[in-house]
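Asker: Take a look at final-v9.pdb, PDB, C-alpha atoms, pLDDT in the B column:
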```
ATOM      1  CA  MET A  60     124.668 176.793 173.386  1.00 87.00           C
ATOM      2  CA  LEU A  61     126.579 178.814 170.785  1.00 89.00           C
ATOM      3  CA  ASN A  62     129.923 177.528 172.046  1.00 89.00           C
ATOM      4  CA  VAL A  63     128.677 173.938 172.031  1.00 89.00           C
ATOM      5  CA  ILE A  64     127.640 174.331 168.390  1.00 91.00           C
ATOM      6  CA  LEU A  65     130.990 175.877 167.455  1.00 92.00           C
ATOM      7  CA  THR A  66     133.003 173.102 169.073  1.00 90.00           C
ATOM      8  CA  GLY A  67     130.678 170.473 167.622  1.00 90.00           C
ATOM      9  CA  ILE A  68     131.166 171.580 164.016  1.00 89.00           C
ATOM     10  CA  SER A  69     134.870 172.396 164.324  1.00 85.00           C
ATOM     11  CA  PRO A  70     136.446 169.021 163.389  1.00 83.00           C
ATOM     12  CA  VAL A  71     138.439 169.234 160.150  1.00 74.00           C
ATOM     13  CA  ASP A  72     136.392 166.399 158.617  1.00 79.00           C
ATOM     14  CA  TYR A  73     133.287 168.592 158.625  1.00 83.00           C
ATOM     15  CA  ALA A  74     134.589 171.158 156.105  1.00 84.00           C
ATOM     16  CA  PRO A  75     134.013 168.871 153.069  1.00 85.00           C
ATOM     17  CA  ILE A  76     130.467 168.225 154.308  1.00 87.00           C
ATOM     18  CA  PHE A  77     129.721 171.943 154.526  1.00 88.00           C
ATOM     19  CA  SER A  78     131.261 172.431 151.092  1.00 85.00           C
ATOM     20  CA  PHE A  79     129.201 169.598 149.572  1.00 86.00           C
ATOM     21  CA  HIS A  80     126.002 171.285 150.737  1.00 87.00           C
ATOM     22  CA  GLY A  81     127.186 174.745 149.669  1.00 85.00           C
ATOM     23  CA  MET A  82     127.099 176.027 153.247  1.00 88.00           C
ATOM     24  CA  ILE A  83     130.632 177.421 153.615  1.00 89.00           C
ATOM     25  CA  PRO A  84     129.848 181.006 152.467  1.00 89.00           C
ATOM     26  CA  ASP A  85     126.808 181.294 154.761  1.00 91.00           C
ATOM     27  CA  LEU A  86     128.632 179.700 157.679  1.00 92.00           C
ATOM     28  CA  ALA A  87     131.639 181.960 157.153  1.00 92.00           C
ATOM     29  CA  ALA A  88     129.424 185.065 157.199  1.00 93.00           C
ATOM     30  CA  ALA A  89     127.841 183.917 160.464  1.00 94.00           C
ATOM     31  CA  LEU A  90     131.268 183.238 161.986  1.00 95.00           C
ATOM     32  CA  MET A  91     132.479 186.698 160.959  1.00 95.00           C
ATOM     33  CA  ALA A  92     129.594 188.238 162.904  1.00 95.00           C
ATOM     34  CA  ILE A  93     130.336 186.080 165.959  1.00 96.00           C
ATOM     35  CA  CYS A  94     134.039 186.974 165.847  1.00 96.00           C
ATOM     36  CA  GLU A  95     133.272 190.669 165.460  1.00 96.00           C
ATOM     37  CA  VAL A  96     131.074 190.719 168.574  1.00 96.00           C
ATOM     38  CA  PHE A  97     132.938 188.380 170.928  1.00 95.00           C
ATOM     39  CA  GLY A  98     136.344 189.708 169.837  1.00 95.00           C
ATOM     40  CA  CYS A  99     135.411 193.128 171.219  1.00 95.00           C
ATOM     41  CA  LEU A 100     134.480 191.783 174.663  1.00 93.00           C
ATOM     42  CA  SER A 101     136.839 191.726 177.604  1.00 90.00           C
ATOM     43  CA  PRO A 102     137.824 188.240 178.816  1.00 86.00           C
ATOM     44  CA  SER A 103     136.307 189.227 182.137  1.00 86.00           C
ATOM     45  CA  VAL A 104     132.927 188.756 180.428  1.00 86.00           C
ATOM     46  CA  SER A 105     132.104 185.144 181.200  1.00 87.00           C
ATOM     47  CA  TRP A 106     129.298 182.691 181.809  1.00 88.00           C
ATOM     48  CA  THR A 107     129.148 179.909 184.388  1.00 87.00           C
ATOM     49  CA  LEU A 108     127.887 176.596 183.026  1.00 84.00           C
ATOM     50  CA  ARG A 109     125.787 174.126 184.977  1.00 85.00           C
ATOM     51  CA  THR A 110     128.878 171.959 185.368  1.00 85.00           C
ATOM     52  CA  GLY A 111     130.594 174.830 187.179  1.00 85.00           C
ATOM     53  CA  GLU A 112     132.958 175.478 184.290  1.00 85.00           C
ATOM     54  CA  GLU A 113     133.500 179.131 183.429  1.00 87.00           C
ATOM     55  CA  LEU A 114     133.182 180.089 179.763  1.00 90.00           C
ATOM     56  CA  SER A 115     134.832 183.362 178.699  1.00 91.00           C
ATOM     57  CA  ALA A 116     134.254 185.565 175.672  1.00 92.00           C
ATOM     58  CA  HIS A 117     137.808 184.687 174.576  1.00 92.00           C
ATOM     59  CA  THR A 118     136.864 181.006 174.392  1.00 92.00           C
ATOM     60  CA  VAL A 119     133.846 181.624 172.178  1.00 94.00           C
ATOM     61  CA  PHE A 120     135.870 183.964 169.957  1.00 95.00           C
ATOM     62  CA  SER A 121     138.737 181.467 169.658  1.00 94.00           C
ATOM     63  CA  ASN A 122     136.457 178.628 168.615  1.00 94.00           C
ATOM     64  CA  ALA A 123     134.677 180.787 166.029  1.00 95.00           C
ATOM     65  CA  PHE A 124     137.899 182.333 164.696  1.00 95.00           C
ATOM     66  CA  ILE A 125     139.711 178.996 164.309  1.00 92.00           C
ATOM     67  CA  LEU A 126     136.741 177.530 162.468  1.00 92.00           C
ATOM     68  CA  LEU A 127     136.624 180.586 160.203  1.00 92.00           C
ATOM     69  CA  LEU A 128     140.312 180.159 159.372  1.00 89.00           C
ATOM     70  CA  ARG A 129     139.708 176.513 158.506  1.00 87.00           C
ATOM     71  CA  LEU A 130     136.938 177.468 156.108  1.00 86.00           C
ATOM     72  CA  TRP A 131     139.186 180.063 154.463  1.00 82.00           C
ATOM     73  CA  LYS A 132     141.898 177.462 153.996  1.00 76.00           C
ATOM     74  CA  PHE A 133     139.531 174.816 152.651  1.00 74.00           C
ATOM     75  CA  ASN A 134     137.377 176.854 150.272  1.00 66.00           C
ATOM     76  CA  HIS A 135     139.723 177.938 147.468  1.00 62.00           C
ATOM     77  CA  PRO A 136     138.669 180.350 144.703  1.00 56.00           C
ATOM     78  CA  PRO A 137     138.394 179.045 141.133  1.00 54.00           C
ATOM     79  CA  LEU A 138     141.606 178.878 139.134  1.00 53.00           C
ATOM     80  CA  GLU A 139     140.401 181.502 136.644  1.00 51.00           C
ATOM     81  CA  TYR A 140     140.448 184.093 139.442  1.00 50.00           C
ATOM     82  CA  CYS A 141     144.174 183.521 139.920  1.00 52.00           C
ATOM     83  CA  VAL A 142     146.902 185.151 137.853  1.00 50.00           C
ATOM     84  CA  MET A 143     149.621 182.626 137.197  1.00 48.00           C
ATOM     85  CA  GLY A 144     153.287 183.634 137.216  1.00 49.00           C
ATOM     86  CA  ASP A 145     156.721 182.462 138.257  1.00 47.00           C
ATOM     87  CA  GLY A 146     155.786 182.722 141.923  1.00 45.00           C
ATOM     88  CA  ALA A 147     152.641 181.900 143.837  1.00 44.00           C
ATOM     89  CA  PRO A 148     149.458 182.758 141.905  1.00 46.00           C
ATOM     90  CA  VAL A 149     147.917 186.076 142.805  1.00 46.00           C
ATOM     91  CA  GLY A 150     144.554 185.457 144.408  1.00 47.00           C
ATOM     92  CA  SER A 151     145.506 181.961 145.528  1.00 46.00           C
ATOM     93  CA  GLN A 152     144.955 183.090 149.098  1.00 54.00           C
ATOM     94  CA  LEU A 153     141.278 183.253 149.879  1.00 67.00           C
ATOM     95  CA  THR A 154     139.965 186.586 151.105  1.00 79.00           C
ATOM     96  CA  PRO A 155     136.987 187.300 153.353  1.00 85.00           C
ATOM     97  CA  GLU A 156     135.566 189.438 150.552  1.00 86.00           C
ATOM     98  CA  TYR A 157     135.511 186.411 148.261  1.00 85.00           C
ATOM     99  CA  LEU A 158     133.576 184.330 150.778  1.00 87.00           C
ATOM    100  CA  LEU A 159     131.074 187.138 151.239  1.00 90.00           C
ATOM    101  CA  LEU A 160     130.812 187.499 147.464  1.00 89.00           C
ATOM    102  CA  LEU A 161     129.887 183.821 147.215  1.00 87.00           C
ATOM    103  CA  ARG A 162     127.395 184.199 150.027  1.00 89.00           C
ATOM    104  CA  ASN A 163     125.780 187.267 148.461  1.00 89.00           C
ATOM    105  CA  SER A 164     125.532 185.595 145.066  1.00 87.00           C
ATOM    106  CA  GLN A 165     123.769 182.635 146.652  1.00 83.00           C
ATOM    107  CA  VAL A 166     121.373 184.977 148.440  1.00 81.00           C
ATOM    108  CA  LEU A 167     120.554 187.030 145.371  1.00 80.00           C
ATOM    109  CA  SER A 168     120.114 184.038 143.085  1.00 75.00           C
ATOM    110  CA  PRO A 169     116.902 182.664 144.695  1.00 57.00           C
ATOM    111  CA  SER A 170     115.638 186.234 145.077  1.00 52.00           C
ATOM    112  CA  SER A 171     115.957 186.861 141.361  1.00 49.00           C
ATOM    113  CA  LEU A 172     114.182 183.591 140.622  1.00 50.00           C
ATOM    114  CA  ALA A 173     111.363 184.555 142.977  1.00 55.00           C
ATOM    115  CA  LYS A 174     110.780 187.780 141.042  1.00 50.00           C
ATOM    116  CA  HIS A 175     109.985 185.682 138.000  1.00 43.00           C
ATOM    117  CA  GLY A 176     107.046 184.034 139.723  1.00 48.00           C
ATOM    118  CA  ASN A 177     108.627 180.949 141.218  1.00 48.00           C
ATOM    119  CA  GLY A 178     106.370 180.374 144.214  1.00 44.00           C
ATOM    120  CA  GLN A 179     108.598 177.761 145.827  1.00 41.00           C
ATOM    121  CA  LYS A 180     111.646 180.017 145.731  1.00 41.00           C
ATOM    122  CA  GLN A 181     109.585 182.931 147.039  1.00 39.00           C
ATOM    123  CA  LEU A 182     108.629 180.819 150.045  1.00 36.00           C
ATOM    124  CA  GLN A 183     112.287 180.046 150.746  1.00 43.00           C
ATOM    125  CA  VAL A 184     113.280 183.692 150.667  1.00 40.00           C
ATOM    126  CA  THR A 185     110.449 185.067 152.753  1.00 38.00           C
ATOM    127  CA  SER A 186     110.876 182.351 155.366  1.00 40.00           C
ATOM    128  CA  ASN A 187     114.216 183.906 156.314  1.00 51.00           C
ATOM    129  CA  PRO A 188     114.041 187.675 155.671  1.00 48.00           C
ATOM    130  CA  SER A 189     117.484 188.394 157.155  1.00 53.00           C
ATOM    131  CA  SER A 190     119.151 186.261 154.472  1.00 61.00           C
ATOM    132  CA  GLU A 191     117.823 188.493 151.679  1.00 69.00           C
ATOM    133  CA  HIS A 192     120.334 191.268 152.274  1.00 83.00           C
ATOM    134  CA  PRO A 193     123.960 191.128 151.075  1.00 88.00           C
ATOM    135  CA  ILE A 194     126.752 191.411 153.634  1.00 91.00           C
ATOM    136  CA  PHE A 195     129.986 193.321 153.061  1.00 91.00           C
ATOM    137  CA  MET A 196     133.318 193.550 154.900  1.00 92.00           C
ATOM    138  CA  ASP A 197     132.443 197.036 156.145  1.00 93.00           C
ATOM    139  CA  SER A 198     129.994 195.303 158.492  1.00 93.00           C
ATOM    140  CA  PHE A 199     132.995 193.786 160.316  1.00 96.00           C
ATOM    141  CA  PRO A 200     135.475 196.655 160.958  1.00 95.00           C
ATOM    142  CA  LYS A 201     137.607 194.732 163.477  1.00 95.00           C
ATOM    143  CA  LEU A 202     137.908 191.701 161.202  1.00 95.00           C
ATOM    144  CA  LYS A 203     138.674 193.962 158.234  1.00 93.00           C
ATOM    145  CA  LEU A 204     141.417 195.747 160.177  1.00 92.00           C
ATOM    146  CA  TRP A 205     142.961 192.447 161.278  1.00 93.00           C
ATOM    147  CA  TYR A 206     142.910 191.047 157.737  1.00 91.00           C
ATOM    148  CA  ARG A 207     144.543 194.168 156.288  1.00 89.00           C
ATOM    149  CA  GLN A 208     147.280 193.883 158.925  1.00 88.00           C
ATOM    150  CA  HIS A 209     147.661 190.183 158.111  1.00 86.00           C
ATOM    151  CA  GLN A 210     148.144 190.988 154.416  1.00 85.00           C
ATOM    152  CA  ALA A 211     150.636 193.734 155.241  1.00 85.00           C
ATOM    153  CA  CYS A 212     152.692 191.356 157.400  1.00 83.00           C
ATOM    154  CA  LEU A 213     152.871 188.845 154.549  1.00 79.00           C
ATOM    155  CA  ALA A 214     153.846 191.499 152.011  1.00 80.00           C
ATOM    156  CA  SER A 215     156.627 193.269 153.904  1.00 75.00           C
ATOM    157  CA  THR A 216     158.402 193.715 157.209  1.00 70.00           C
ATOM    158  CA  LEU A 217     156.627 195.354 160.106  1.00 71.00           C
ATOM    159  CA  SER A 218     156.720 199.111 160.412  1.00 69.00           C
ATOM    160  CA  GLY A 219     157.606 200.574 163.793  1.00 68.00           C
ATOM    161  CA  LEU A 220     155.016 201.639 166.320  1.00 72.00           C
ATOM    162  CA  ALA A 221     155.024 204.990 168.075  1.00 71.00           C
ATOM    163  CA  HIS A 222     155.914 204.792 171.749  1.00 76.00           C
ATOM    164  CA  GLY A 223     153.069 205.241 174.181  1.00 73.00           C
ATOM    165  CA  THR A 224     150.328 204.136 171.786  1.00 81.00           C
ATOM    166  CA  PRO A 225     147.766 201.565 172.993  1.00 85.00           C
ATOM    167  CA  VAL A 226     149.159 198.916 170.629  1.00 87.00           C
ATOM    168  CA  CYS A 227     152.706 199.542 171.871  1.00 87.00           C
ATOM    169  CA  ASN A 228     151.565 199.257 175.485  1.00 87.00           C
ATOM    170  CA  ASN A 229     149.733 196.015 174.720  1.00 88.00           C
ATOM    171  CA  VAL A 230     152.837 194.595 173.044  1.00 87.00           C
ATOM    172  CA  ASP A 231     154.993 195.394 176.062  1.00 86.00           C
ATOM    173  CA  SER A 232     152.446 193.905 178.454  1.00 85.00           C
ATOM    174  CA  LEU A 233     152.277 190.684 176.469  1.00 86.00           C
ATOM    175  CA  LEU A 234     156.061 190.452 176.163  1.00 84.00           C
ATOM    176  CA  ASN A 235     156.537 190.938 179.885  1.00 82.00           C
ATOM    177  CA  LEU A 236     153.976 188.323 180.809  1.00 79.00           C
ATOM    178  CA  MET A 237     155.237 185.814 178.263  1.00 79.00           C
ATOM    179  CA  PHE A 238     158.887 186.018 179.209  1.00 76.00           C
ATOM    180  CA  VAL A 239     159.083 187.268 182.791  1.00 64.00           C
ATOM    181  CA  LYS A 240     157.908 185.915 186.108  1.00 43.00           C
ATOM    182  CA  ALA A 241     155.706 188.392 187.908  1.00 32.00           C
ATOM    183  CA  ASN A 242     158.023 188.601 190.902  1.00 32.00           C
ATOM    184  CA  LYS A 243     161.364 188.636 189.145  1.00 44.00           C
ATOM    185  CA  GLY A 244     162.992 190.995 186.653  1.00 46.00           C
ATOM    186  CA  GLY A 245     165.580 190.164 184.036  1.00 50.00           C
ATOM    187  CA  THR A 246     167.472 191.355 180.985  1.00 47.00           C
ATOM    188  CA  SER A 247     165.847 193.799 178.592  1.00 50.00           C
ATOM    189  CA  ILE A 248     164.906 192.230 175.269  1.00 54.00           C
ATOM    190  CA  GLY A 249     164.551 195.540 173.471  1.00 48.00           C
ATOM    191  CA  SER A 250     160.805 195.852 173.164  1.00 48.00           C
ATOM    192  CA  LEU A 251     159.059 198.742 171.516  1.00 45.00           C
ATOM    193  CA  SER A 252     159.190 200.808 174.682  1.00 43.00           C
ATOM    194  CA  GLY A 253     162.399 199.291 176.030  1.00 50.00           C
ATOM    195  CA  SER A 254     160.644 198.343 179.249  1.00 44.00           C
ATOM    196  CA  SER A 255     160.053 194.658 178.581  1.00 45.00           C
ATOM    197  CA  SER A 256     162.421 192.171 180.131  1.00 42.00           C
ATOM    198  CA  ILE A 257     163.002 188.486 180.397  1.00 42.00           C
ATOM    199  CA  SER A 258     164.176 186.141 183.110  1.00 42.00           C
ATOM    200  CA  ASN A 259     165.764 182.740 182.769  1.00 41.00           C
ATOM    201  CA  SER A 260     162.376 181.126 183.303  1.00 44.00           C
ATOM    202  CA  SER A 261     160.082 181.966 180.380  1.00 47.00           C
ATOM    203  CA  GLY A 262     156.325 181.883 180.172  1.00 47.00           C
ATOM    204  CA  PRO A 263     153.703 182.668 182.756  1.00 47.00           C
ATOM    205  CA  GLY A 264     153.444 180.255 185.622  1.00 47.00           C
ATOM    206  CA  GLY A 265     150.201 178.897 186.927  1.00 47.00           C
ATOM    207  CA  ASP A 266     150.075 181.616 189.596  1.00 48.00           C
ATOM    208  CA  ASP A 267     150.665 184.360 186.992  1.00 50.00           C
ATOM    209  CA  LEU A 268     147.759 183.626 184.666  1.00 50.00           C
ATOM    210  CA  HIS A 269     145.482 186.059 186.469  1.00 54.00           C
ATOM    211  CA  LEU A 270     148.002 188.829 185.723  1.00 58.00           C
ATOM    212  CA  TRP A 271     147.490 188.631 181.962  1.00 65.00           C
ATOM    213  CA  PRO A 272     145.997 191.900 180.646  1.00 71.00           C
ATOM    214  CA  GLN A 273     142.248 191.861 180.255  1.00 84.00           C
ATOM    215  CA  LEU A 274     142.383 192.770 176.574  1.00 90.00           C
ATOM    216  CA  PRO A 275     139.707 192.024 173.969  1.00 93.00           C
ATOM    217  CA  ALA A 276     140.766 189.375 171.468  1.00 94.00           C
ATOM    218  CA  TRP A 277     141.067 191.814 168.562  1.00 95.00           C
ATOM    219  CA  GLU A 278     143.543 193.961 170.517  1.00 93.00           C
ATOM    220  CA  ILE A 279     145.649 190.886 171.256  1.00 92.00           C
ATOM    221  CA  LEU A 280     145.641 189.849 167.593  1.00 93.00           C
ATOM    222  CA  GLU A 281     146.664 193.359 166.584  1.00 92.00           C
ATOM    223  CA  ALA A 282     149.674 193.163 168.913  1.00 91.00           C
ATOM    224  CA  VAL A 283     150.716 189.581 168.051  1.00 89.00           C
ATOM    225  CA  PRO A 284     152.878 190.360 164.961  1.00 89.00           C
ATOM    226  CA  PHE A 285     154.860 192.950 166.918  1.00 89.00           C
ATOM    227  CA  VAL A 286     155.235 190.585 169.885  1.00 87.00           C
ATOM    228  CA  VAL A 287     156.631 187.860 167.643  1.00 86.00           C
ATOM    229  CA  ASP A 288     158.917 190.338 165.842  1.00 86.00           C
ATOM    230  CA  ALA A 289     160.310 191.670 169.143  1.00 85.00           C
ATOM    231  CA  ALA A 290     160.846 188.153 170.494  1.00 85.00           C
ATOM    232  CA  LEU A 291     162.615 186.948 167.325  1.00 85.00           C
ATOM    233  CA  THR A 292     164.775 190.079 167.267  1.00 84.00           C
ATOM    234  CA  ALA A 293     165.784 189.473 170.893  1.00 84.00           C
ATOM    235  CA  CYS A 294     166.608 185.866 170.033  1.00 86.00           C
ATOM    236  CA  ALA A 295     168.715 186.914 167.030  1.00 87.00           C
ATOM    237  CA  ARG A 296     170.652 189.402 169.171  1.00 85.00           C
ATOM    238  CA  GLY A 297     171.346 186.856 171.891  1.00 84.00           C
ATOM    239  CA  ARG A 298     169.152 188.430 174.560  1.00 82.00           C
ATOM    240  CA  LEU A 299     166.820 185.436 174.412  1.00 80.00           C
ATOM    241  CA  SER A 300     167.746 181.797 173.893  1.00 82.00           C
ATOM    242  CA  PRO A 301     165.793 179.661 171.395  1.00 83.00           C
ATOM    243  CA  ARG A 302     164.623 177.491 174.284  1.00 82.00           C
ATOM    244  CA  GLU A 303     163.334 180.507 176.212  1.00 80.00           C
ATOM    245  CA  LEU A 304     161.632 181.762 173.045  1.00 79.00           C
ATOM    246  CA  ALA A 305     159.851 178.457 172.487  1.00 80.00           C
ATOM    247  CA  THR A 306     158.899 178.137 176.150  1.00 79.00           C
ATOM    248  CA  GLY A 307     157.510 181.670 176.258  1.00 76.00           C
ATOM    249  CA  LEU A 308     155.473 181.214 173.086  1.00 72.00           C
ATOM    250  CA  LEU A 309     154.097 177.844 174.170  1.00 71.00           C
ATOM    251  CA  GLY A 310     153.342 179.110 177.650  1.00 67.00           C
ATOM    252  CA  SER A 311     151.172 181.879 176.205  1.00 66.00           C
ATOM    253  CA  ILE A 312     148.907 179.502 174.289  1.00 60.00           C
TER     254      ILE A 312
END
```
Using structure tokens, write down the structure that the file contains.
Answerer:
Amino acid sequence: MLNVILTGISPVDYAPIFSFHGMIPDLAAALMAICEVFGCLSPSVSWTLRTGEELSAHTVFSNAFILLLRLWKFNHPPLEYCVMGDGAPVGSQLTPEYLLLLRNSQVLSPSSLAKHGNGQKQLQVTSNPSSEHPIFMDSFPKLKLWYRQHQACLASTLSGLAHGTPVCNNVDSLLNLMFVKANKGGTSIGSLSGSSSISNSSGPGGDDLHLWPQLPAWEILEAVPFVVDAALTACARGRLSPRELATGLLGSI
């Protein structure tokens, strides 16, 4: 049911409707909670629908996360919150904290009116007790970590990862499965551990999909910048052709 709702409200045309009714902050907060929970689940966690289709935790996370990104892109902060300069205005990129700030201000506003004896507002607040409490980014540690990494990637080049760490191992696993057939080795592309390789046929084949690591979505997102950096570096050094790079990236989607 949750996945049906997410896919049903995902079309781009719906964002202006949510904005018109002032629902984007509340919806974003709900999506953050969904992403936090389903992003920590292994893709092996799945549900079989009545149609026989199998629905994985990755699918629910992906639908919620993409919708959340659309809301971030659509709902821009007021101009007065931006510092204008020669380059892009500081604050022009919406933050999760800003959306939660909007949501909390909407929650506290009817509460403050209710304290002044407004019976109608009091009824609205008490009818949904969970909406009375403000929500902060600390409630979503995985989302907060991902967003900090996202900001760091935009601000500067990636810093190296220590060999043997879980993130490094995840990067190598993803590189291998994106650019190497399971039954055939190839030329090293210089991954973080030096163990990843690539064959002339990039991207996982239909028979190799089951070999993809059973990683939670947040762990995959944490490794993605390093995977892209390693692949682009290999392409720049001639170990990977542009066609193989594009095929490997598209094959992983």
Asker: Between A:Asn62, A:Ser69, A:Asn163, A:Ser78, which has the minimum distance to A:Leu114 (counting all atoms listed in the file)?
Answerer: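 Closest to A:Leu114, using all atoms listed in the file: A:Asn62.
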Asker: Using atom CA of A:Ala282 and atom CA of A:Thr154 as the two end points, give the distance in Å to one decimal.
Answerer: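 Computed distance, atom CA of A:Ala282 to atom CA of A:Thr154, equals 21.3 Å.
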Asker: Can you work out which one of A:Leu128, A:Val63, A:Ile76, A:Leu108 has the shortest atom-to-atom distance to A:Met91, counting all atoms listed in the file?
Answerer: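 Of A:Leu128, A:Val63, A:Ile76, A:Leu108, the one nearest A:Met91 is A:Leu128, counting all atoms listed in the file.
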Asker: To one decimal place in Å, what is the distance between atom CA of A:Pro84 and atom CA of A:Leu158?
Answerer: 5.3 Å
Asker: Quick one: residues within 7 Å of A:Phe120, only C-alpha atoms, excluding same-chain residues fewer than 3 positions away - as JSON, numbers by chain?
Answerer: {"A": [94, 97, 98, 116, 117, 123, 124]}
Asker: Take the selection from the previous step and output its residues with C-alpha atoms, as a PDB file, keeping the file's coordinate frame.
Answerer:
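As written to disk, result_3.pdb reads:
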```
ATOM      1  CA  CYS A  94     134.039 186.974 165.847  1.00 96.00           C
ATOM      2  CA  PHE A  97     132.938 188.380 170.928  1.00 95.00           C
ATOM      3  CA  GLY A  98     136.344 189.708 169.837  1.00 95.00           C
ATOM      4  CA  ALA A 116     134.254 185.565 175.672  1.00 92.00           C
ATOM      5  CA  HIS A 117     137.808 184.687 174.576  1.00 92.00           C
ATOM      6  CA  ALA A 123     134.677 180.787 166.029  1.00 95.00           C
ATOM      7  CA  PHE A 124     137.899 182.333 164.696  1.00 95.00           C
TER       8      PHE A 124
END
```
Asker: For A:Ala74, please output as a list in words all residues within 9 Å (counting all atoms listed in the file; exclusion window: fewer than 5 positions along the same chain).
Answerer: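 Once the adjacent positions are removed, what remains is Ile68, Ser69, Phe79, Ile83, Arg129, Leu130, Phe133 and Asn134 of chain A.
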Asker: Measure the distance from atom CA of A:Asp85 to atom CA of A:Pro155 in Å and round it to one decimal.
Answerer: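 Value for the atom CA of A:Asp85-atom CA of A:Pro155 distance: 11.9 Å.
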Asker: Carefully work through the PyMOL selection byres ((chain A and resi 285) around 10) for this structure and note down the residues it includes, as a PyMOL selection string.
Answerer: chain A and resi 212+217-220+226-227+229-231+234+250-251+280-284+286-291
Asker: So which one's closest to A:Met196, A:Leu299, A:Leu160, A:Ala305, A:Thr216? Using all atoms listed in the file, please.
Answerer: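 So, comparing all the options, the nearest one is A:Leu160.
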Asker: Counting all atoms listed in the file, I want the residues whose atoms come within 12 Å of (131.9, 185.7, 168.0) in the file frame, returned as an NGL selection string.
Answerer: :A and (61-62 or 65 or 87-100 or 115-127 or 199 or 201-202 or 275-277)
Asker: Determine the nearest neighbour of A:Ser198 from the options A:Ser168, A:Leu159, A:Gly307, A:Ala211, counting only C-alpha atoms.
Answerer: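 Closest candidate: A:Leu159.
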Asker: If you apply the PyMOL selection byres ((chain A and resi 273) around 8) to this file, what residues do you get, as a count of residues only?
Answerer: 7
